[in-house]
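Source file: input_29.cif (mmCIF, C-alpha atoms and all ligand atoms)
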data_entry
#
loop_
_atom_site.label_atom_id
_atom_site.label_comp_id
_atom_site.auth_asym_id
_atom_site.auth_seq_id
_atom_site.Cartn_x
_atom_site.Cartn_y
_atom_site.Cartn_z
CA MET A 1 0.00 0.00 0.00
CA THR A 2 2.19 2.85 -1.17
CA ASP A 3 0.02 4.95 -3.46
CA ALA A 4 -2.29 6.81 -1.06
CA LYS A 5 -0.48 9.71 0.57
CA ARG A 6 -0.06 9.34 4.30
CA ASN A 7 0.90 11.79 6.99
CA ILE A 8 3.43 10.10 9.24
CA ALA A 9 4.86 12.11 12.11
CA ILE A 10 8.47 11.66 13.17
CA SER A 11 7.19 10.95 16.67
CA LEU A 12 3.88 11.04 18.52
CA PRO A 13 3.26 10.25 22.18
CA LEU A 14 0.80 7.46 22.91
CA THR A 15 -1.45 9.01 25.55
CA GLY A 16 -5.22 8.72 25.91
CA GLU A 17 -8.07 7.74 28.15
CA GLU A 18 -5.96 6.29 30.99
CA GLU A 19 -3.77 9.38 31.26
CA TRP A 20 -6.91 11.53 31.07
CA GLN A 21 -8.46 9.62 33.97
CA ALA A 22 -5.23 9.75 35.96
CA VAL A 23 -5.23 13.53 36.24
CA ARG A 24 -8.71 13.49 37.81
CA GLU A 25 -7.46 12.55 41.26
CA PRO A 26 -5.03 15.43 41.79
CA LEU A 27 -7.50 17.82 40.18
CA MET A 28 -10.31 16.71 42.48
CA SER A 29 -8.14 16.63 45.61
CA GLY A 30 -6.61 20.03 44.95
CA TRP A 31 -3.03 18.81 45.57
CA LEU A 32 -1.46 19.88 42.31
CA THR A 33 2.22 20.46 42.96
CA GLN A 34 4.79 17.80 43.92
CA GLY A 35 2.98 15.40 46.23
CA PRO A 36 1.78 11.77 46.46
CA LYS A 37 1.60 11.17 42.69
CA VAL A 38 5.15 12.37 42.14
CA ALA A 39 6.29 10.24 45.08
CA GLN A 40 4.65 7.15 43.55
CA PHE A 41 6.09 7.93 40.12
CA GLU A 42 9.57 8.30 41.61
CA LYS A 43 9.26 5.03 43.52
CA MET A 44 8.18 3.13 40.40
CA PHE A 45 10.91 4.74 38.30
CA GLY A 46 13.57 3.91 40.89
CA GLU A 47 12.48 0.27 41.06
CA ARG A 48 12.43 -0.06 37.28
CA HIS A 49 15.87 1.54 36.86
CA LYS A 50 17.46 -0.06 39.97
CA VAL A 51 18.43 3.18 41.69
CA GLY A 52 18.08 4.23 45.31
CA THR A 53 17.00 7.82 44.64
CA SER A 54 14.74 9.14 41.86
CA LEU A 55 13.81 12.82 41.79
CA ALA A 56 11.14 14.05 39.38
CA VAL A 57 11.91 17.46 37.91
CA THR A 58 10.49 19.86 35.33
CA SER A 59 12.66 18.67 32.42
CA CYS A 60 15.84 16.83 31.58
CA THR A 61 17.51 20.22 31.14
CA THR A 62 16.71 21.34 34.68
CA GLY A 63 17.61 17.83 35.87
CA LEU A 64 21.05 18.09 34.24
CA HIS A 65 21.52 21.50 35.84
CA LEU A 66 20.47 20.04 39.20
CA ALA A 67 22.98 17.21 38.72
CA LEU A 68 25.86 19.62 38.10
CA ALA A 69 24.75 21.89 40.96
CA GLY A 70 24.52 18.80 43.17
CA LEU A 71 28.13 18.00 42.24
CA ASP A 72 29.03 21.60 43.14
CA ILE A 73 30.31 22.44 39.65
CA GLN A 74 31.63 26.00 39.85
CA PRO A 75 33.13 28.70 37.61
CA GLY A 76 36.61 27.58 36.63
CA ASP A 77 35.62 23.90 36.51
CA GLU A 78 35.55 21.95 33.25
CA VAL A 79 32.87 19.46 32.23
CA ILE A 80 33.40 17.20 29.22
CA VAL A 81 30.45 16.90 26.82
CA PRO A 82 30.00 15.28 23.41
CA ALA A 83 29.97 17.64 20.42
CA PHE A 84 26.92 15.92 18.90
CA THR A 85 23.98 16.14 21.30
CA TRP A 86 21.01 18.34 22.06
CA VAL A 87 22.22 21.83 23.02
CA ALA A 88 20.92 21.47 26.59
CA THR A 89 23.73 19.03 27.46
CA ALA A 90 26.28 21.82 27.00
CA ASN A 91 24.07 24.72 28.14
CA VAL A 92 23.76 23.35 31.68
CA VAL A 93 27.54 23.55 32.07
CA LEU A 94 27.35 27.25 31.25
CA TYR A 95 24.47 27.70 33.73
CA CYS A 96 27.02 26.75 36.43
CA GLY A 97 29.58 29.22 35.07
CA ALA A 98 31.81 26.26 34.19
CA THR A 99 33.45 25.48 30.83
CA PRO A 100 32.11 22.81 28.47
CA VAL A 101 34.96 20.86 26.89
CA PHE A 102 33.80 19.14 23.72
CA VAL A 103 34.83 15.66 22.63
CA ASP A 104 34.03 14.16 19.25
CA ILE A 105 31.67 11.22 18.85
CA ASP A 106 32.00 7.74 17.42
CA ILE A 107 30.16 7.95 14.09
CA ASN A 108 28.92 4.35 14.44
CA THR A 109 27.15 4.83 17.77
CA TYR A 110 26.76 8.65 17.88
CA ASN A 111 27.97 8.45 21.50
CA LEU A 112 31.21 9.86 22.94
CA ASN A 113 34.44 8.72 21.30
CA ILE A 114 35.91 7.27 24.47
CA ALA A 115 39.41 6.96 22.98
CA GLN A 116 39.50 10.77 22.73
CA VAL A 117 38.24 11.48 26.26
CA ALA A 118 41.46 10.97 28.25
CA ALA A 119 43.29 13.66 26.26
CA LYS A 120 40.66 16.22 27.29
CA VAL A 121 41.01 15.63 31.03
CA THR A 122 42.84 18.42 32.89
CA PRO A 123 43.23 19.19 36.62
CA LYS A 124 40.08 21.34 36.24
CA THR A 125 37.89 18.48 34.94
CA LYS A 126 35.18 17.79 37.51
CA ALA A 127 32.63 15.80 35.51
CA ILE A 128 31.66 14.35 32.17
CA ILE A 129 28.17 14.17 30.70
CA ALA A 130 27.87 10.93 28.75
CA VAL A 131 24.84 10.97 26.47
CA HIS A 132 22.93 7.78 25.65
CA LEU A 133 21.96 9.20 22.30
CA PHE A 134 18.73 8.04 20.67
CA GLY A 135 18.42 5.36 23.39
CA LEU A 136 21.73 3.52 22.94
CA CYS A 137 23.70 3.49 26.20
CA ALA A 138 27.23 4.87 26.19
CA ASP A 139 29.82 2.40 27.49
CA ILE A 140 30.14 3.85 30.99
CA ASP A 141 32.52 1.09 32.14
CA ALA A 142 34.98 1.95 29.36
CA LEU A 143 34.60 5.62 30.22
CA ARG A 144 35.26 4.99 33.89
CA ALA A 145 38.44 3.14 32.95
CA VAL A 146 39.94 6.19 31.19
CA LEU A 147 38.87 8.81 33.77
CA PRO A 148 40.59 9.75 37.04
CA PRO A 149 38.45 8.49 39.95
CA HIS A 150 37.40 11.98 41.11
CA VAL A 151 35.74 12.83 37.75
CA LYS A 152 32.00 12.28 38.16
CA ILE A 153 29.95 10.70 35.39
CA VAL A 154 26.52 12.16 34.65
CA GLU A 155 24.45 10.09 32.25
CA ASP A 156 22.35 12.22 29.92
CA ALA A 157 19.69 9.54 29.62
CA ALA A 158 17.16 11.91 28.03
CA CYS A 159 16.46 9.32 25.33
CA ALA A 160 17.12 6.19 27.36
CA ALA A 161 14.25 5.41 29.74
CA GLY A 162 14.08 1.62 29.97
CA ALA A 163 17.35 1.07 28.09
CA ASP A 164 20.14 -0.98 29.59
CA TRP A 165 23.83 -1.77 29.23
CA LYS A 166 24.52 -5.48 29.68
CA GLY A 167 21.54 -5.85 31.99
CA ARG A 168 22.22 -2.71 34.05
CA PRO A 169 19.63 0.01 33.50
CA ALA A 170 20.39 3.49 32.17
CA GLY A 171 20.48 5.88 35.09
CA SER A 172 22.27 3.36 37.34
CA LEU A 173 25.54 3.27 35.37
CA GLY A 174 27.25 6.53 36.34
CA ASP A 175 27.11 8.77 39.42
CA ILE A 176 23.89 10.51 38.36
CA GLY A 177 21.40 9.79 35.56
CA VAL A 178 18.97 12.28 34.04
CA PHE A 179 15.94 11.38 31.90
CA SER A 180 13.48 13.38 29.78
CA PHE A 181 9.72 12.98 29.49
CA HIS A 182 9.33 15.43 26.62
CA PRO A 183 6.70 14.14 24.15
CA ARG A 184 9.40 13.05 21.68
CA LYS A 185 10.61 10.50 24.20
CA SER A 186 9.07 7.02 24.53
CA VAL A 187 7.15 7.93 27.70
CA THR A 188 6.00 11.43 28.46
CA THR A 189 4.57 13.76 31.06
CA GLY A 190 4.28 16.70 28.63
CA GLU A 191 7.49 18.25 29.89
CA GLY A 192 9.39 16.58 32.70
CA GLY A 193 12.49 14.76 33.78
CA MET A 194 13.90 12.37 36.37
CA VAL A 195 17.24 12.52 38.18
CA THR A 196 18.59 9.23 39.55
CA THR A 197 21.48 8.30 41.79
CA ASN A 198 22.64 5.49 44.05
CA ASP A 199 24.48 7.95 46.32
CA PRO A 200 22.04 8.76 49.17
CA ASP A 201 23.86 11.95 50.31
CA LEU A 202 23.98 13.35 46.80
CA GLY A 203 20.34 12.32 46.37
CA GLU A 204 19.29 14.23 49.48
CA ARG A 205 21.30 17.30 48.43
CA MET A 206 19.64 17.34 44.99
CA ASN A 207 16.25 16.65 46.60
CA GLN A 208 16.58 19.84 48.61
CA MET A 209 18.05 21.86 45.74
CA ARG A 210 15.12 21.10 43.45
CA ASN A 211 12.79 22.62 46.07
CA HIS A 212 14.46 26.00 46.67
CA GLY A 213 17.04 24.37 48.96
CA ALA A 214 14.37 23.64 51.59
CA SER A 215 15.23 21.03 54.18
CA LEU A 216 11.61 19.77 54.13
CA SER A 217 9.27 19.20 51.18
CA GLU A 218 6.03 21.18 50.81
CA GLU A 219 4.11 18.01 51.57
CA GLN A 220 6.08 17.25 54.73
CA ARG A 221 5.62 20.84 55.90
CA HIS A 222 1.94 21.03 54.99
CA ASN A 223 1.07 17.74 56.65
CA GLY A 224 3.46 18.20 59.59
CA PRO A 225 2.36 18.65 63.22
CA ARG A 226 3.72 22.17 63.80
CA PRO A 227 1.93 24.94 61.86
CA TYR A 228 4.53 27.56 62.81
CA PHE A 229 7.38 25.48 61.45
CA LEU A 230 9.20 26.67 58.33
CA PRO A 231 12.09 24.59 57.01
CA ASP A 232 15.61 25.91 56.96
CA PHE A 233 17.25 26.71 53.62
CA ASN A 234 20.89 25.77 53.84
CA LEU A 235 21.57 25.38 50.12
CA LEU A 236 21.07 27.59 47.08
CA GLY A 237 18.12 25.90 45.42
CA TYR A 238 15.76 26.17 42.49
CA ASN A 239 12.13 25.41 41.80
CA TYR A 240 12.51 22.34 39.59
CA ARG A 241 9.57 20.41 41.09
CA MET A 242 7.32 18.32 38.87
CA THR A 243 3.56 18.80 39.38
CA ASP A 244 1.35 15.98 40.68
CA LEU A 245 -0.69 16.27 37.46
CA GLN A 246 2.42 15.24 35.55
CA GLY A 247 3.30 12.64 38.18
CA ALA A 248 -0.13 11.04 37.67
CA VAL A 249 0.45 10.87 33.91
CA GLY A 250 3.97 9.57 34.49
CA ILE A 251 2.70 6.63 36.58
CA VAL A 252 0.43 5.50 33.73
CA GLN A 253 3.07 6.05 31.05
CA LEU A 254 5.81 4.27 33.02
CA GLY A 255 3.52 1.27 33.33
CA LYS A 256 3.63 1.04 29.51
CA LEU A 257 7.36 1.71 29.06
CA ASP A 258 8.48 -1.85 28.42
CA LYS A 259 5.60 -2.56 26.08
CA PHE A 260 6.40 0.62 24.14
CA ILE A 261 10.09 -0.26 23.87
CA ASP A 262 9.37 -3.86 22.86
CA GLU A 263 7.09 -2.63 20.08
CA ARG A 264 9.65 -0.08 18.93
CA ALA A 265 12.37 -2.76 18.96
CA GLN A 266 10.18 -5.01 16.84
CA TRP A 267 9.64 -2.27 14.23
CA ALA A 268 13.29 -1.23 14.37
CA ALA A 269 14.16 -4.83 13.46
CA TYR A 270 11.61 -4.66 10.64
CA TYR A 271 13.28 -1.50 9.27
CA GLN A 272 16.69 -3.17 9.62
CA ASP A 273 15.52 -6.15 7.65
CA LYS A 274 13.67 -4.31 4.89
CA LEU A 275 16.11 -1.42 4.44
CA ALA A 276 19.30 -3.50 4.58
CA ASP A 277 19.77 -3.56 0.81
CA ILE A 278 19.79 0.22 0.30
CA PRO A 279 23.53 0.81 -0.25
CA TRP A 280 23.55 4.50 0.63
CA LEU A 281 21.62 4.18 3.89
CA ARG A 282 23.41 3.07 7.04
CA LEU A 283 21.13 1.77 9.76
CA PRO A 284 21.54 2.15 13.52
CA LYS A 285 23.24 -0.72 15.27
CA ALA A 286 21.55 -2.82 17.89
CA THR A 287 23.34 -5.52 19.85
CA ASN A 288 22.00 -8.41 21.88
CA GLU A 289 24.16 -7.33 24.81
CA CYS A 290 22.27 -4.11 25.45
CA ARG A 291 18.68 -3.07 25.35
CA HIS A 292 18.27 -0.11 23.01
CA GLY A 293 15.63 2.39 24.15
CA TRP A 294 14.68 3.22 20.52
CA GLN A 295 13.77 6.83 21.27
CA ALA A 296 14.51 7.40 17.59
CA PHE A 297 15.56 5.38 14.54
CA VAL A 298 18.44 7.43 13.18
CA THR A 299 19.90 6.48 9.82
CA TYR A 300 23.00 7.86 8.08
CA VAL A 301 22.77 8.94 4.45
CA ASP A 302 26.24 8.14 3.10
CA PRO A 303 27.21 11.20 1.02
CA LYS A 304 29.67 9.13 -1.03
CA LYS A 305 27.03 6.62 -2.10
CA SER A 306 23.76 8.51 -2.03
CA PRO A 307 22.24 9.41 -5.41
CA ILE A 308 21.12 12.79 -4.04
CA PRO A 309 22.00 14.85 -0.94
CA ARG A 310 20.35 14.06 2.39
CA ASN A 311 18.32 17.25 2.44
CA ASP A 312 16.81 16.44 -0.96
CA ILE A 313 15.86 12.99 0.32
CA MET A 314 14.22 14.58 3.36
CA GLN A 315 12.31 16.93 1.09
CA ILE A 316 11.07 14.07 -1.13
CA LEU A 317 9.90 12.17 1.94
CA GLN A 318 8.22 15.28 3.32
CA ASP A 319 6.36 15.70 0.02
CA LYS A 320 5.12 12.13 0.42
CA GLY A 321 3.83 12.88 3.93
CA ILE A 322 6.75 11.32 5.81
CA ALA A 323 8.38 13.47 8.46
CA THR A 324 12.13 13.09 8.99
CA ARG A 325 14.63 15.09 11.05
CA PRO A 326 18.40 15.35 11.35
CA GLY A 327 19.42 13.03 14.24
CA THR A 328 20.33 16.05 16.38
CA HIS A 329 22.81 18.91 16.01
CA ALA A 330 26.55 19.44 16.46
CA VAL A 331 26.68 21.90 19.33
CA HIS A 332 30.06 23.33 18.29
CA MET A 333 28.45 24.43 15.00
CA LEU A 334 25.61 26.34 16.68
CA GLY A 335 25.89 30.13 16.54
CA TYR A 336 26.26 30.74 20.27
CA TYR A 337 28.99 28.14 20.77
CA LYS A 338 30.78 28.93 17.52
CA ASP A 339 30.99 32.62 18.41
CA ARG A 340 31.70 32.31 22.12
CA PHE A 341 34.39 29.64 21.86
CA GLY A 342 35.76 30.34 18.36
CA LEU A 343 34.92 26.85 17.12
CA THR A 344 34.90 25.63 13.51
CA PRO A 345 32.97 22.64 12.10
CA LYS A 346 36.16 20.65 11.46
CA ASP A 347 37.16 20.80 15.13
CA PHE A 348 34.92 17.75 15.64
CA PRO A 349 34.66 16.06 12.24
CA ALA A 350 32.52 13.09 13.28
CA ALA A 351 30.02 15.42 14.94
CA GLU A 352 29.97 17.56 11.80
CA ASP A 353 29.45 14.46 9.68
CA ALA A 354 26.56 13.31 11.90
CA ASN A 355 25.11 16.83 11.88
CA ASP A 356 25.09 16.90 8.08
CA ASN A 357 24.19 13.31 7.22
CA THR A 358 21.99 11.72 9.88
CA MET A 359 18.29 11.31 9.20
CA ALA A 360 15.77 10.09 11.77
CA ILE A 361 12.84 8.30 10.17
CA PRO A 362 9.46 7.79 11.87
CA LEU A 363 9.32 5.27 14.73
CA HIS A 364 6.68 5.59 17.42
CA ASN A 365 3.89 3.71 19.12
CA ARG A 366 1.04 5.12 17.05
CA MET A 367 2.41 3.74 13.79
CA VAL A 368 0.98 0.65 12.13
CA LYS A 369 2.50 -1.81 9.64
CA GLU A 370 1.15 0.11 6.63
CA ASP A 371 2.99 3.22 7.84
CA TYR A 372 6.29 1.35 8.12
CA ASP A 373 5.80 -0.23 4.70
CA TYR A 374 5.03 3.18 3.22
CA VAL A 375 8.25 4.67 4.64
CA ILE A 376 10.27 1.65 3.45
CA GLN A 377 8.89 1.87 -0.08
CA ALA A 378 9.46 5.63 -0.25
CA LEU A 379 13.13 5.09 0.68
CA LYS A 380 13.51 2.26 -1.81
CA ASP A 381 12.04 4.49 -4.54
CA ILE A 382 14.99 6.86 -4.15
CA ALA A 383 17.26 5.05 -6.54
C1 LIG F 401 20.34 14.22 24.62
C2 LIG F 401 19.37 15.20 25.21
N1 LIG F 401 19.68 15.85 26.34
C3 LIG F 401 18.82 16.71 26.91
C4 LIG F 401 17.60 16.99 26.36
C5 LIG F 401 16.68 17.98 27.01
O1 LIG F 401 15.50 17.38 27.44
P1 LIG F 401 14.25 18.26 27.95
O2 LIG F 401 13.53 18.72 26.74
O3 LIG F 401 13.44 17.32 28.78
O4 LIG F 401 14.80 19.39 28.75
C6 LIG F 401 17.23 16.34 25.18
C7 LIG F 401 15.92 16.62 24.55
O5 LIG F 401 15.68 16.39 23.41
C8 LIG F 401 18.13 15.43 24.59
O6 LIG F 401 17.83 14.78 23.46
#
Go ahead and express the file in the form of structure tokens.
Ligand SMILES: Cc1ncc(COP(=O)(O)O)c(C=O)c1O
Amino acid sequence: MTDAKRNIAISLPLTGEEEWQAVREPLMSGWLTQGPKVAQFEKMFGERHKVGTSLAVTSCTTGLHLALAGLDIQPGDEVIVPAFTWVATANVVLYCGATPVFVDIDINTYNLNIAQVAAKVTPKTKAIIAVHLFGLCADIDALRAVLPPHVKIVEDAACAAGADWKGRPAGSLGDIGVFSFHPRKSVTTGEGGMVTTNDPDLGERMNQMRNHGASLSEEQRHNGPRPYFLPDFNLLGYNYRMTDLQGAVGIVQLGKLDKFIDERAQWAAYYQDKLADIPWLRLPKATNECRHGWQAFVTYVDPKKSPIPRNDIMQILQDKGIATRPGTHAVHMLGYYKDRFGLTPKDFPAAEDANDNTMAIPLHNRMVKEDYDYVIQALKDIA
């Protein structure tokens, strides 16, 4: 079925009646900000990802900022980040007044090129943000092996809810993990994020910092026995609390996470099978060792083999009702970073290559077989 024009989004969240019903309870009770629903969501998330502390926040971006603030990253400190990632990964370093130090990526995985990391470590390096891009976990064990012990590892697991590395879940691999629930991720709360750690002291510090630095939560204070009691504020904090409306949605969505990923994995395998004979299209790798989160199915249009440039392919697909997007962007090529740090595209050639040649094709839980077949045929038609 390839003749009728379809309209296939690059990504669509699968939300509906259950999520709609879930927000009733907080709305009816009147407890709307962080409260019992967020607490339940955090507990479920922590159990699923095998971490002692889970803290729901307003987004992955604020969660990453909270992680660096929790680690006391200061002006003068350096934080290593991959050059090919969503801009937020680098922005949060600047929020702390610290310096982002870019490292190129491995063009096969789109994750950090670990062989290049050691050369970027200086006495000022306090942390590294390892991104699990598109749902494929970075090799945190290999990273740990090349880093001095005091350098903290923050997993940017924005795309990696439910993913694992050799049986160990994303978010439990480094010192801190940070997830996104933006609607382009496999499970969503509209906007939202989750910060995870197995370090209880760091967990408590970040818990307070997400709530203005208060030593007690709103709920503890509100339901506590002493009406005159205000908590102390011993830390500089922020308001990064998730609402209970979002927490209620998160509980329902998290309950579907593994089903969503299994379905995505099944269709990713279908793409891999059906698209394997297109010589100019390189497909994302999946291994049996690790569970890919399949936030996105990101292909690489080989400029040496492709009959036409990537952007022309994207335009043709768009005209057929198929949305595509570049995988993500090379941060060192973005205006702000280019100008502020005097960077040129060739400083990180693999990131530049990925910036110019990756193409995400539709993969989400509202698609049906006919949609996948339509995308496959449209790609095959580009001879
Ligand atoms: C790798 C990565 N990091 C961070 C973010 C920021 O997530 P959020 O939109 O939840 O702030 C994203 C979002 O796309 C991302 O892909």
- Item | Env. residues ligand LIG 401 (chain F) / 8 Å / all atoms listed in the file / as a ChimeraX atom specification | /A:58-64,85-89,131-134,156-159,179-182,184-185,191-193,328
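Look at Asn108 of chain A: the protein and nucleic acid residues within 10 Å of it, using only C-alpha atoms and passing over chain neighbours fewer than 5 places away, are Asn113, Arg282, Leu283, Pro284, Lys285, Tyr300, Ala350 and Ala354 of chain A.
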- Task: Quick one: everything within 12 Å of Ser217 of chain A, counting all atoms listed in the file, minus sequence neighbours fewer than 6 positions away in the same chain. Send it as a PyMOL selection string.
- Result: chain A and resi 33-36+39+204+207-211+223-224+230-233+239+241
File dump, residues just selected, C-alpha atoms, as a short mmCIF file (atom, residue, chain, number, x, y, z; two decimals), in the coordinates of the input:
data_model
loop_
_atom_site.label_atom_id
_atom_site.label_comp_id
_atom_site.auth_asym_id
_atom_site.auth_seq_id
_atom_site.Cartn_x
_atom_site.Cartn_y
_atom_site.Cartn_z
CA THR A 33 2.22 20.46 42.96
CA GLN A 34 4.79 17.80 43.92
CA GLY A 35 2.98 15.40 46.23
CA PRO A 36 1.78 11.77 46.46
CA ALA A 39 6.29 10.24 45.08
CA GLU A 204 19.29 14.23 49.48
CA ASN A 207 16.25 16.65 46.60
CA GLN A 208 16.58 19.84 48.61
CA MET A 209 18.05 21.86 45.74
CA ARG A 210 15.12 21.10 43.45
CA ASN A 211 12.79 22.62 46.07
CA ASN A 223 1.07 17.74 56.65
CA GLY A 224 3.46 18.20 59.59
CA LEU A 230 9.20 26.67 58.33
CA PRO A 231 12.09 24.59 57.01
CA ASP A 232 15.61 25.91 56.96
CA PHE A 233 17.25 26.71 53.62
CA ASN A 239 12.13 25.41 41.80
CA ARG A 241 9.57 20.41 41.09
#
- Atom-to-atom span, atom CA of Gly97 of chain A and atom CA of Tyr238 of chain A, Å: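 Going from atom CA of Gly97 of chain A over to atom CA of Tyr238 of chain A, I get 16.0 Å.
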Around segment 180-190 of chain A, fit a box with edges along x, y and z, padding it by 8 Å on each side, then list its centre and edge lengths in Å to one decimal as JSON.
{"center_x": 8.9, "center_y": 11.9, "center_z": 26.4, "size_x": 25.2, "size_y": 25.7, "size_z": 25.4}
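Considering the residues A:Leu173, A:Val117, A:Ala351, A:Cys96 and counting all atoms listed in the file, His329 of chain A has its shortest atom-to-atom contact with A:Ala351.
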- Please return, as an MDAnalysis selection string, all polymer residues that have at least one atom within 12 Å of the point (16.8, 0.4, 29.5); use only C-alpha atoms and the file's own coordinate frame. chainID A and resid 45 48:50 132 134:138 157:173 179 186 257:258 260:262 265 289:295
